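Enquirer: Contents are mmCIF, C-alpha atoms; file name work_32.cif:
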data_start
#
loop_
_atom_site.group_PDB
_atom_site.id
_atom_site.type_symbol
_atom_site.label_atom_id
_atom_site.label_comp_id
_atom_site.auth_asym_id
_atom_site.auth_seq_id
_atom_site.Cartn_x
_atom_site.Cartn_y
_atom_site.Cartn_z
ATOM 1 C CA MET S 1 80.757 81.962 24.463
ATOM 2 C CA SER S 2 82.093 79.285 22.082
ATOM 3 C CA ASN S 3 81.400 75.596 22.500
ATOM 4 C CA GLU S 4 85.101 75.029 23.229
ATOM 5 C CA LYS S 5 85.081 77.498 26.118
ATOM 6 C CA GLN S 6 81.873 75.998 27.480
ATOM 7 C CA VAL S 7 83.493 72.527 27.493
ATOM 8 C CA ASP S 8 86.617 73.889 29.284
ATOM 9 C CA SER S 9 84.439 75.601 31.858
ATOM 10 C CA GLY S 10 82.469 72.404 32.428
ATOM 11 C CA ARG S 11 85.650 70.374 32.820
ATOM 12 C CA ARG S 12 87.049 72.884 35.289
ATOM 13 C CA GLY S 13 83.853 72.726 37.388
ATOM 14 C CA LEU S 14 83.937 68.944 37.355
ATOM 15 C CA LEU S 15 87.598 68.950 38.405
ATOM 16 C CA VAL S 16 86.905 71.334 41.340
ATOM 17 C CA ALA S 17 83.925 69.274 42.490
ATOM 18 C CA THR S 18 85.931 66.049 42.282
ATOM 19 C CA CYS S 19 88.838 67.500 44.296
ATOM 20 C CA ALA S 20 86.471 68.862 46.952
ATOM 21 C CA ALA S 21 84.702 65.531 47.268
ATOM 22 C CA GLY S 22 88.038 63.744 47.513
ATOM 23 C CA GLY S 23 89.157 66.120 50.251
ATOM 24 C CA VAL S 24 85.999 65.541 52.269
ATOM 25 C CA ALA S 25 86.358 61.790 51.858
ATOM 26 C CA GLY S 26 89.974 62.030 52.942
ATOM 27 C CA LEU S 27 89.029 63.963 56.070
ATOM 28 C CA ALA S 28 86.279 61.495 56.858
ATOM 29 C CA THR S 29 88.707 58.602 56.493
ATOM 30 C CA THR S 30 91.261 60.337 58.706
ATOM 31 C CA GLY S 31 88.611 60.832 61.387
ATOM 32 C CA VAL S 32 87.816 57.130 61.353
ATOM 33 C CA LEU S 33 91.486 56.219 61.703
ATOM 34 C CA VAL S 34 92.053 58.637 64.571
ATOM 35 C CA SER S 35 89.026 57.398 66.493
ATOM 36 C CA THR S 36 90.190 53.822 65.973
ATOM 37 C CA PHE S 37 93.285 54.507 68.067
ATOM 38 C CA GLN S 38 91.254 55.826 71.002
ATOM 39 C CA PRO S 39 90.287 53.323 73.771
ATOM 40 C CA SER S 40 86.979 51.715 72.845
ATOM 41 C CA GLU S 41 84.080 51.182 75.231
ATOM 42 C CA ARG S 42 84.825 47.462 74.998
ATOM 43 C CA ALA S 43 88.430 48.086 76.092
ATOM 44 C CA LYS S 44 87.225 50.178 79.021
ATOM 45 C CA ALA S 45 84.757 47.483 80.026
ATOM 46 C CA ALA S 46 87.539 44.881 79.817
ATOM 47 C CA GLY S 47 89.394 46.698 82.565
ATOM 48 C CA ALA S 48 91.574 49.433 81.092
ATOM 49 C CA PRO S 49 93.245 51.296 84.004
ATOM 50 C CA VAL S 50 91.576 54.495 85.160
ATOM 51 C CA GLU S 51 93.613 57.506 86.285
ATOM 52 C CA VAL S 52 92.089 59.685 88.995
ATOM 53 C CA ASP S 53 93.218 63.082 90.248
ATOM 54 C CA ILE S 54 92.830 63.026 94.028
ATOM 55 C CA SER S 55 94.506 66.380 94.720
ATOM 56 C CA SER S 56 91.220 68.090 95.601
ATOM 57 C CA LEU S 57 89.841 65.296 97.814
ATOM 58 C CA VAL S 58 89.352 66.549 101.379
ATOM 59 C CA PRO S 59 88.925 64.487 104.580
ATOM 60 C CA GLY S 60 85.434 63.068 104.838
ATOM 61 C CA GLU S 61 84.823 63.303 101.079
ATOM 62 C CA MET S 62 84.241 60.387 98.726
ATOM 63 C CA LYS S 63 84.691 60.334 94.957
ATOM 64 C CA THR S 64 83.163 57.714 92.658
ATOM 65 C CA VAL S 65 84.739 56.625 89.359
ATOM 66 C CA GLU S 66 83.918 53.808 86.945
ATOM 67 C CA TRP S 67 86.165 50.795 86.359
ATOM 68 C CA ARG S 68 85.089 47.651 84.498
ATOM 69 C CA GLY S 69 81.554 48.986 84.479
ATOM 70 C CA ASN S 70 81.417 49.174 88.284
ATOM 71 C CA PRO S 71 81.587 52.116 90.684
ATOM 72 C CA VAL S 72 84.841 52.455 92.609
ATOM 73 C CA TRP S 73 84.739 54.523 95.772
ATOM 74 C CA ILE S 74 87.695 56.644 96.823
ATOM 75 C CA LEU S 75 87.141 57.843 100.383
ATOM 76 C CA LYS S 76 89.542 60.162 102.153
ATOM 77 C CA ARG S 77 88.931 59.184 105.751
ATOM 78 C CA THR S 78 89.155 61.693 108.567
ATOM 79 C CA PRO S 79 91.467 60.975 111.534
ATOM 80 C CA GLU S 80 88.333 60.139 113.560
ATOM 81 C CA GLN S 81 87.177 57.646 110.918
ATOM 82 C CA VAL S 82 90.583 55.965 110.866
ATOM 83 C CA ALA S 83 90.589 55.733 114.659
ATOM 84 C CA ALA S 84 87.128 54.110 114.602
ATOM 85 C CA LEU S 85 88.260 51.196 112.436
ATOM 86 C CA GLY S 86 89.519 49.078 115.328
ATOM 87 C CA LYS S 87 86.423 49.515 117.479
ATOM 88 C CA SER S 88 84.236 46.978 115.678
ATOM 89 C CA ASP S 89 86.638 44.126 114.881
ATOM 90 C CA ASN S 90 84.784 41.643 117.098
ATOM 91 C CA GLU S 91 81.548 42.471 115.247
ATOM 92 C CA LEU S 92 82.963 41.884 111.762
ATOM 93 C CA ALA S 93 82.632 38.630 109.833
ATOM 94 C CA ASP S 94 86.100 38.861 108.274
ATOM 95 C CA PRO S 95 88.201 41.577 109.959
ATOM 96 C CA ALA S 96 91.479 40.220 108.515
ATOM 97 C CA SER S 97 90.155 39.985 104.920
ATOM 98 C CA SER S 98 91.061 36.295 104.725
ATOM 99 C CA ARG S 99 87.964 35.104 102.874
ATOM 100 C CA THR S 100 88.402 34.455 99.154
ATOM 101 C CA GLN S 101 84.883 33.468 98.101
ATOM 102 C CA PHE S 102 84.262 36.751 96.283
ATOM 103 C CA SER S 103 87.760 38.101 95.631
ATOM 104 C CA THR S 104 91.309 38.110 96.944
ATOM 105 C CA THR S 105 92.408 41.208 98.793
ATOM 106 C CA PRO S 106 95.732 42.573 97.476
ATOM 107 C CA GLU S 107 98.655 42.125 99.850
ATOM 108 C CA TYR S 108 99.044 45.880 100.312
ATOM 109 C CA ALA S 109 95.458 46.031 101.637
ATOM 110 C CA MET S 110 95.825 43.164 104.113
ATOM 111 C CA ASN S 111 95.699 45.466 107.092
ATOM 112 C CA GLU S 112 93.105 46.985 109.401
ATOM 113 C CA TRP S 113 92.331 49.908 107.119
ATOM 114 C CA ARG S 114 92.434 47.712 103.956
ATOM 115 C CA SER S 115 94.421 50.231 101.963
ATOM 116 C CA ARG S 116 97.899 51.489 101.093
ATOM 117 C CA GLN S 117 97.354 54.626 103.160
ATOM 118 C CA LYS S 118 95.430 54.790 106.406
ATOM 119 C CA ASP S 119 93.353 57.728 105.277
ATOM 120 C CA LEU S 120 92.490 56.611 101.728
ATOM 121 C CA LEU S 121 90.020 53.784 101.078
ATOM 122 C CA VAL S 122 89.652 52.384 97.543
ATOM 123 C CA VAL S 123 86.927 49.749 97.097
ATOM 124 C CA VAL S 124 84.473 48.558 94.465
ATOM 125 C CA GLY S 125 81.055 49.843 95.517
ATOM 126 C CA ILE S 126 79.161 46.622 94.778
ATOM 127 C CA CYS S 127 77.785 44.316 97.479
ATOM 128 C CA PRO S 128 79.074 40.742 96.990
ATOM 129 C CA HIS S 129 75.630 39.383 97.898
ATOM 130 C CA LEU S 130 73.520 40.151 94.815
ATOM 131 C CA GLY S 131 75.360 43.032 93.157
ATOM 132 C CA CYS S 132 73.485 45.951 94.723
ATOM 133 C CA SER S 133 75.306 49.214 95.395
ATOM 134 C CA PRO S 134 75.446 50.164 99.095
ATOM 135 C CA THR S 135 74.958 53.734 100.254
ATOM 136 C CA ALA S 136 77.360 55.779 102.349
ATOM 137 C CA LYS S 137 76.353 56.146 105.978
ATOM 138 C CA PHE S 138 79.184 58.213 107.436
ATOM 139 C CA GLN S 139 77.141 59.774 110.242
ATOM 140 C CA THR S 140 77.751 57.983 113.536
ATOM 141 C CA GLY S 141 75.161 56.900 116.087
ATOM 142 C CA ALA S 142 71.703 55.332 115.947
ATOM 143 C CA GLN S 143 69.891 55.501 112.613
ATOM 144 C CA PRO S 144 67.220 53.433 110.824
ATOM 145 C CA SER S 145 68.546 49.983 109.819
ATOM 146 C CA LEU S 146 71.799 50.627 111.728
ATOM 147 C CA PRO S 147 72.971 49.737 115.270
ATOM 148 C CA ASP S 148 72.913 52.322 118.031
ATOM 149 C CA ASP S 149 76.721 52.288 118.278
ATOM 150 C CA TRP S 150 77.248 52.791 114.529
ATOM 151 C CA HIS S 151 80.756 54.141 113.805
ATOM 152 C CA GLY S 152 80.118 55.009 110.167
ATOM 153 C CA GLY S 153 80.358 52.916 107.017
ATOM 154 C CA PHE S 154 78.070 51.610 104.288
ATOM 155 C CA LEU S 155 74.596 50.072 104.192
ATOM 156 C CA CYS S 156 73.202 47.929 101.383
ATOM 157 C CA PRO S 157 69.514 48.938 101.352
ATOM 158 C CA CYS S 158 68.434 45.902 99.322
ATOM 159 C CA HIS S 159 69.118 43.199 101.913
ATOM 160 C CA GLY S 160 70.625 44.993 104.903
ATOM 161 C CA SER S 161 74.323 44.136 104.704
ATOM 162 C CA THR S 162 76.474 46.634 106.567
ATOM 163 C CA PHE S 163 80.165 47.423 106.071
ATOM 164 C CA ASP S 164 82.582 49.459 108.155
ATOM 165 C CA LEU S 165 84.726 52.329 106.853
ATOM 166 C CA ALA S 166 87.241 49.796 105.524
ATOM 167 C CA GLY S 167 84.556 47.965 103.534
ATOM 168 C CA ARG S 168 84.499 44.974 105.918
ATOM 169 C CA VAL S 169 81.148 43.231 106.313
ATOM 170 C CA TYR S 170 79.503 42.799 109.703
ATOM 171 C CA LYS S 171 78.569 39.376 111.061
ATOM 172 C CA ASN S 172 75.247 37.690 110.292
ATOM 173 C CA LYS S 173 74.637 39.694 107.121
ATOM 174 C CA PRO S 174 73.719 38.392 103.638
ATOM 175 C CA SER S 175 76.977 39.504 102.019
ATOM 176 C CA PRO S 176 79.438 36.577 101.858
ATOM 177 C CA ASP S 177 82.470 38.839 101.751
ATOM 178 C CA ASN S 178 83.958 42.266 102.293
ATOM 179 C CA LEU S 179 83.807 44.903 99.572
ATOM 180 C CA GLN S 180 86.416 44.213 96.890
ATOM 181 C CA VAL S 181 89.682 46.165 96.868
ATOM 182 C CA PRO S 182 90.715 46.581 93.226
ATOM 183 C CA PRO S 183 94.352 46.616 92.091
ATOM 184 C CA TYR S 184 95.614 50.179 92.357
ATOM 185 C CA MET S 185 98.738 52.250 92.751
ATOM 186 C CA PHE S 186 99.857 55.837 93.156
ATOM 187 C CA GLU S 187 101.733 57.864 90.554
ATOM 188 C CA GLY S 188 103.061 60.798 92.497
ATOM 189 C CA ASP S 189 101.136 62.415 95.335
ATOM 190 C CA THR S 190 98.008 63.383 93.437
ATOM 191 C CA LYS S 191 97.312 60.635 90.888
ATOM 192 C CA LEU S 192 95.670 57.300 91.627
ATOM 193 C CA VAL S 193 95.648 54.538 88.992
ATOM 194 C CA ILE S 194 92.865 51.994 89.404
ATOM 195 C CA GLY S 195 93.110 48.704 87.544
ATOM 196 C CA LYS S 196 96.813 47.969 87.883
ATOM 197 C CA ASP S 197 99.579 47.914 90.448
ATOM 198 C CA GLU S 198 103.356 47.584 90.470
ATOM 199 C CA LYS S 199 103.112 43.871 89.672
ATOM 200 C CA GLY S 200 101.002 44.611 86.620
ATOM 201 C CA GLU S 201 98.051 42.818 88.174
ATOM 202 C CA ALA S 202 94.581 43.823 87.040
#
Kindly present the structure from the file in structure tokens form.
Expert:
Amino acid sequence: MSNEKQVDSGRRGLLVATCAAGGVAGLATTGVLVSTFQPSERAKAAGAPVEVDISSLVPGEMKTVEWRGNPVWILKRTPEQVAALGKSDNELADPASSRTQFSTTPEYAMNEWRSRQKDLLVVVGICPHLGCSPTAKFQTGAQPSLPDDWHGGFLCPCHGSTFDLAGRVYKNKPSPDNLQVPPYMFEGDTKLVIGKDEKGEA
């Protein structure tokens, strides 16, 4: 092979390698740009709304999702659980959700069941006392750390605060407030949006 042909062959190889490298760099750059447009972890932590499919939620079942780095409980209450809500009002520290020390309850949750729908509870699963996460205690009746006439609700195992099935705290407990109701709204019959409502509040 002549020197001229060897030079042409070398140039061709260099050209192919350069184009390939440029293509890879282009793809890498595109990937960076695409990922830039996706919601960042910082944006999620700042309170980006969370959409939840609730179509498969059955009575008595609770789903947990994350919003602003905190667990949000979505409980589909049974008819019996809804009926039990009025039985403990005189034992609750703030049955009307009028306290504002920890948070302000949205207007649409200023009712006995503290929700837009009687059967669907949406609350932040963090105790206002010291930030512990209570546990679900849906079984009724006497149990350790619970009263004999327990109607179901939540127990904070750290310091003993108890909450009914609407997230309302019982009297003489460490928690200064009820469980927080976050802004939320429905989009259709099966989608729940946590983190915003019709007023745009978050």
Enquirer: Every residue with an atom at most 6 Å from (72.8, 40.4, 99.4) (file coordinates; only C-alpha atoms) is what I'm after, so could you write them as a list in words?
Expert: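 Nearby residues: His129, Leu130, His159, Pro174 and Ser175 of chain S.
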Enquirer: Would you pick out the contacts of Gln139 (chain S) at 10 Å or less, using all atoms listed in the file, so that residues sharing its chain but fewer than 2 positions from it are not included, and give the list as a ChimeraX atom specification?
Expert: /S:136-137,141-143,150-153
Enquirer: Using only the atoms of region 164-179 of chain S listed in the file, plus 8 Å on each side, state the axis-aligned box centre and edge lengths in Å rounded to one decimal, as JSON.
Expert:
{"center_x": 80.5, "center_y": 44.5, "center_z": 105.3, "size_x": 29.5, "size_y": 31.8, "size_z": 27.5}
Enquirer: Between S:Pro157, S:Gly167, S:Pro106, S:Gly60, which one has atoms that come closest to Lys196 (chain S), using all atoms listed in the file?
Expert: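 Closest residue, counting all atoms listed in the file: S:Pro106.
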Enquirer: I'd like the neighbourhood of region 111-116 of chain S as an mmCIF file with C-alpha atoms, in the coordinates of the input, where a residue qualifies if any of its atoms comes within 10 Å (using only C-alpha atoms), though same-chain residues fewer than 2 positions away should be ignored.
Expert:
data_model
loop_
_atom_site.group_PDB
_atom_site.id
_atom_site.type_symbol
_atom_site.label_atom_id
_atom_site.label_comp_id
_atom_site.auth_asym_id
_atom_site.auth_seq_id
_atom_site.Cartn_x
_atom_site.Cartn_y
_atom_site.Cartn_z
ATOM 1 C CA ARG S 77 88.931 59.184 105.751
ATOM 2 C CA VAL S 82 90.583 55.965 110.866
ATOM 3 C CA ALA S 83 90.589 55.733 114.659
ATOM 4 C CA LEU S 85 88.260 51.196 112.436
ATOM 5 C CA GLY S 86 89.519 49.078 115.328
ATOM 6 C CA ASP S 89 86.638 44.126 114.881
ATOM 7 C CA PRO S 95 88.201 41.577 109.959
ATOM 8 C CA ALA S 96 91.479 40.220 108.515
ATOM 9 C CA SER S 97 90.155 39.985 104.920
ATOM 10 C CA THR S 105 92.408 41.208 98.793
ATOM 11 C CA PRO S 106 95.732 42.573 97.476
ATOM 12 C CA GLU S 107 98.655 42.125 99.850
ATOM 13 C CA TYR S 108 99.044 45.880 100.312
ATOM 14 C CA ALA S 109 95.458 46.031 101.637
ATOM 15 C CA LYS S 118 95.430 54.790 106.406
ATOM 16 C CA ASP S 119 93.353 57.728 105.277
ATOM 17 C CA LEU S 120 92.490 56.611 101.728
ATOM 18 C CA LEU S 121 90.020 53.784 101.078
ATOM 19 C CA VAL S 122 89.652 52.384 97.543
ATOM 20 C CA VAL S 123 86.927 49.749 97.097
ATOM 21 C CA ASP S 164 82.582 49.459 108.155
ATOM 22 C CA LEU S 165 84.726 52.329 106.853
ATOM 23 C CA ALA S 166 87.241 49.796 105.524
ATOM 24 C CA GLY S 167 84.556 47.965 103.534
ATOM 25 C CA ARG S 168 84.499 44.974 105.918
ATOM 26 C CA GLN S 180 86.416 44.213 96.890
ATOM 27 C CA VAL S 181 89.682 46.165 96.868
ATOM 28 C CA TYR S 184 95.614 50.179 92.357
ATOM 29 C CA MET S 185 98.738 52.250 92.751
ATOM 30 C CA PHE S 186 99.857 55.837 93.156
#
Enquirer: Hey, what comes out of the PyMOL selection byres ((chain S and resi 92) around 7) on this file? Could you write it as a ChimeraX atom specification?
Expert: /S:88-91,93-95,168-171
Enquirer: Take the residues just selected and output them with C-alpha atoms as a compact mmCIF listing (two decimals), in the frame of the given file.
Expert:
# COMPACT_ATOMS: atom_id res chain seq x y z
CA SER S 88 84.24 46.98 115.68
CA ASP S 89 86.64 44.13 114.88
CA ASN S 90 84.78 41.64 117.10
CA GLU S 91 81.55 42.47 115.25
CA ALA S 93 82.63 38.63 109.83
CA ASP S 94 86.10 38.86 108.27
CA PRO S 95 88.20 41.58 109.96
CA ARG S 168 84.50 44.97 105.92
CA VAL S 169 81.15 43.23 106.31
CA TYR S 170 79.50 42.80 109.70
CA LYS S 171 78.57 39.38 111.06
Enquirer: I'd like the interatomic distance between CA of Asp53 (chain S) and CA of Gly125 (chain S), to a tenth of an Å.
Expert: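 Between CA of Asp53 (chain S) and CA of Gly125 (chain S) the gap is 18.7 Å.
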Enquirer: Just how far from CA of Pro128 (chain S) is CA of Lys173 (chain S), in Å to one decimal?
Expert: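 These two atoms are separated by 11.1 Å.
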Enquirer: Nearest to Asp177 (chain S) among S:Ser133, S:Thr140, S:Thr100, S:Thr64, with distances taken over all atoms listed in the file: which residue is it?
Expert: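 Ranked by minimum distance to Asp177 (chain S), first place goes to S:Thr100.
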Enquirer: Between CA of Leu179 (chain S) and CA of Ala84 (chain S), what distance in Å does the model show, to one decimal?
Expert: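 Value for the CA of Leu179 (chain S)-CA of Ala84 (chain S) distance: 17.9 Å.
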Enquirer: Mind checking which residues fall within 7 Å of Pro49 (chain S), counting only C-alpha atoms, ignoring those fewer than 4 positions away in the same chain, and posting them as an MDAnalysis selection string?
Expert: chainID S and resid 193:196
Enquirer: What residues come out when you apply the PyMOL selection byres ((chain S and resi 61) around 8) to this file, written as a PDB file with C-alpha atoms, in the frame of the given file?
Expert:
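So the final result, stored in result04.pdb, reads:
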ATOM      1  CA  LEU S  57      89.841  65.296  97.814  1.00  0.00           C
ATOM      2  CA  VAL S  58      89.352  66.549 101.379  1.00  0.00           C
ATOM      3  CA  PRO S  59      88.925  64.487 104.580  1.00  0.00           C
ATOM      4  CA  GLY S  60      85.434  63.068 104.838  1.00  0.00           C
ATOM      5  CA  MET S  62      84.241  60.387  98.726  1.00  0.00           C
ATOM      6  CA  LYS S  63      84.691  60.334  94.957  1.00  0.00           C
ATOM      7  CA  LEU S  75      87.141  57.843 100.383  1.00  0.00           C
ATOM      8  CA  LYS S  76      89.542  60.162 102.153  1.00  0.00           C
ATOM      9  CA  ARG S  77      88.931  59.184 105.751  1.00  0.00           C
TER      10      ARG S  77
END
